[in-house]
Amino acid sequence: MAEVAYVEASRVYPGNPPVRAVDKLSLQVNDGEFLVLVGPSGSGKSTALRMLAGLEEVNEGSITIGGRDVTKVQPKDRDIAMVFQSYALYPHMTVAENMGFALRLKRVAKATVAEKVREAAEMLDLTAYLDRKPKALSGGQRQRVAMGRAIVREPSVFLMDEPLSNLDAKLRVETRANIAALQQRLGTTTIYVTHDQVEAMTMGHRVAVLKDGLLQQCASPRELYERPENAFVAGFIGSPSMNLVTASVSADGAQLGGLDIPLLRGAETGAHDQVTLGLRPESLRLVGADEPGTELSVELVEELGADAYLHGTVAGDSNQRLVVRVDGRTPPRLGEKVRIGVNAADQAHVFDPETGLRISD
């Protein structure tokens, strides 16, 4: 079994005041799970991964792997394998030698090393490249070699620190699909760090969102998207991100530019005169003059083929900016004024304007 558990684990760098790069992280990763740590730069996600790998000290709390406390255990004795952003391949070795290097250090029999390398190469479509040096490979092939080196060790846990950052956009999409399929096939517990929330949403069984060293929410991609626990998660997850605007509370819901927007059932606005309203771009639509709506001044049109995204400001309030998804075949023009309304089936998310916490079921 290879469950991983962070138990109130912290990494504190000295300073005045001390910097809590990871602050009392409590997180359980199930055996065989693919968990993604995501957040902006400086959120503590890579530090949390390095704490698990033994490359960063754990100043408070503990970390366990398979029920064993590894907080003070040397990295080589933790039964983990790490894949880095930089590949970290030996340039003078062939692909086969790079993949089998860790096993040779453990004095594993040559025949066994060769067999494990062959199996991993077949799995990663690298059989034709086993005799090449890294300089003769593309970026995507080098990354697959780095993954193969981790696979042949058959560790309890895979750790991946932004492994796709150096790849171009098309190859990144292809490789992340390959990684997800490979993890499903191997069933090895995997913790994957990225700053790319699209990558996180498309790969992980669960996604843990960090900000300033603090865990904000850990849930399935769908739950993060549909029920973010605070305004930060709401704005970070989704591409384009959720519209977050200040709105006045009325008897009919919330008012945005004269438009009454229904709130989710259970939204206890209490004494709030204003709330932070969250609306996904697809929850908004273009409406006619005879339908409830508010005017939007179009300042940018992103045409993406089937869809287009309008960026604009609400009439009468230049501080209220919205993004609206529309049909990409007939999008409005830049500078045009359009009327927008809320899709009948969709309701707004509501957050406390001071704490940012969700105040709707």
# chains A, B, ... in the order shown; residues from 1 in each chain; ligands from 1
call {"tool": "residues_around", "arguments": {"residues": "Gly335 in chain A", "least_positions_apart": "4", "cutoff": "10 Å", "atoms": "only C-alpha atoms", "output": "NGL selection string"}}
result
:A and (296-301 or 312)
call {"tool": "write_last_selection", "arguments": {"atoms": "N, CA, C and O atoms", "output": "PDB file, in the first residue's frame"}}
result
ATOM      1  N   LEU A 296     -23.466  45.568 -22.154  1.00  0.00           N
ATOM      2  CA  LEU A 296     -22.031  45.295 -22.036  1.00  0.00           C
ATOM      3  C   LEU A 296     -21.303  45.960 -23.192  1.00  0.00           C
ATOM      4  O   LEU A 296     -21.681  45.786 -24.353  1.00  0.00           O
ATOM      5  N   SER A 297     -20.274  46.739 -22.889  1.00  0.00           N
ATOM      6  CA  SER A 297     -19.432  47.349 -23.922  1.00  0.00           C
ATOM      7  C   SER A 297     -18.283  46.399 -24.240  1.00  0.00           C
ATOM      8  O   SER A 297     -17.462  46.083 -23.374  1.00  0.00           O
ATOM      9  N   VAL A 298     -18.227  45.927 -25.481  1.00  0.00           N
ATOM     10  CA  VAL A 298     -17.243  44.919 -25.871  1.00  0.00           C
ATOM     11  C   VAL A 298     -15.878  45.575 -26.079  1.00  0.00           C
ATOM     12  O   VAL A 298     -15.717  46.455 -26.928  1.00  0.00           O
ATOM     13  N   GLU A 299     -14.884  45.124 -25.306  1.00  0.00           N
ATOM     14  CA  GLU A 299     -13.538  45.688 -25.385  1.00  0.00           C
ATOM     15  C   GLU A 299     -12.523  44.728 -25.993  1.00  0.00           C
ATOM     16  O   GLU A 299     -11.441  45.134 -26.394  1.00  0.00           O
ATOM     17  N   LEU A 300     -12.869  43.432 -26.035  1.00  0.00           N
ATOM     18  CA  LEU A 300     -11.974  42.432 -26.618  1.00  0.00           C
ATOM     19  C   LEU A 300     -12.810  41.248 -27.050  1.00  0.00           C
ATOM     20  O   LEU A 300     -13.736  40.846 -26.345  1.00  0.00           O
ATOM     21  N   VAL A 301     -12.489  40.701 -28.233  1.00  0.00           N
ATOM     22  CA  VAL A 301     -13.158  39.492 -28.714  1.00  0.00           C
ATOM     23  C   VAL A 301     -12.087  38.435 -28.969  1.00  0.00           C
ATOM     24  O   VAL A 301     -11.193  38.637 -29.793  1.00  0.00           O
ATOM     25  N   GLY A 312     -15.697  42.630 -21.630  1.00  0.00           N
ATOM     26  CA  GLY A 312     -16.260  43.980 -21.671  1.00  0.00           C
ATOM     27  C   GLY A 312     -16.610  44.495 -20.290  1.00  0.00           C
ATOM     28  O   GLY A 312     -16.411  43.819 -19.267  1.00  0.00           O
TER      29      GLY A 312
END
call {"tool": "select_by_dssp", "arguments": {"residues": "range 230-302 of chain A", "states": "alpha helix (DSSP H)", "output": "list of chain:residue names"}}
result
A:Ala231, A:Phe232, A:Val233, A:Ala234, A:Gly235, A:Phe236
call {"tool": "residues_around", "arguments": {"residues": "range 29-40 of chain A", "least_positions_apart": "4", "cutoff": "6 Å", "atoms": "only C-alpha atoms", "output": "ChimeraX atom specification"}}
result
/A:2-4,45,187-195,200,204-210
call {"tool": "residues_around", "arguments": {"residues": "Pro240 in chain A", "least_positions_apart": "2", "cutoff": "9 Å", "atoms": "only C-alpha atoms", "output": "ChimeraX atom specification"}}
result
/A:235,237-238,242-243,280-281,309,323
call {"tool": "closest_residue", "arguments": {"among": "A:Pro332, A:Ala111, A:Asp168, A:Ala81", "to": "Arg149 in chain A", "atoms": "only C-alpha atoms"}}
result
A:Ala81
call {"tool": "closest_residue", "arguments": {"among": "A:Ala348, A:Val326, A:Val198, A:Ala48", "to": "Val12 in chain A", "atoms": "only C-alpha atoms"}}
result
A:Ala48
call {"tool": "atom_distance", "arguments": {"atom1": "CA of Leu357 in chain A", "atom2": "CA of Arg20 in chain A"}}
result
22.1 Å
call {"tool": "residues_around", "arguments": {"residues": "Met99 in chain A", "least_positions_apart": "5", "cutoff": "7 Å", "atoms": "only C-alpha atoms", "output": "MDAnalysis selection string"}}
result
chainID A and resid 117 145 148:149
call {"tool": "write_last_selection", "arguments": {"atoms": "N, CA and C atoms", "output": "short mmCIF file (atom, residue, chain, number, x, y, z; two decimals), in the first residue's frame"}}
result
data_model
loop_
_atom_site.label_atom_id
_atom_site.label_comp_id
_atom_site.auth_asym_id
_atom_site.auth_seq_id
_atom_site.Cartn_x
_atom_site.Cartn_y
_atom_site.Cartn_z
N VAL A 117 14.01 -2.19 -18.58
CA VAL A 117 14.15 -1.07 -19.51
C VAL A 117 13.37 -1.34 -20.78
N VAL A 145 11.78 9.65 -21.58
CA VAL A 145 12.93 8.93 -21.02
C VAL A 145 13.01 9.16 -19.51
N GLY A 148 10.50 7.06 -18.01
CA GLY A 148 10.92 5.66 -18.06
C GLY A 148 11.91 5.33 -16.96
N ARG A 149 12.80 6.26 -16.68
CA ARG A 149 13.77 6.06 -15.60
C ARG A 149 13.06 5.90 -14.25
#
call {"tool": "closest_residue", "arguments": {"among": "A:Ser26, A:Gln216, A:Gln143, A:Gln85", "to": "Pro228 in chain A", "atoms": "only C-alpha atoms"}}
result
A:Gln216
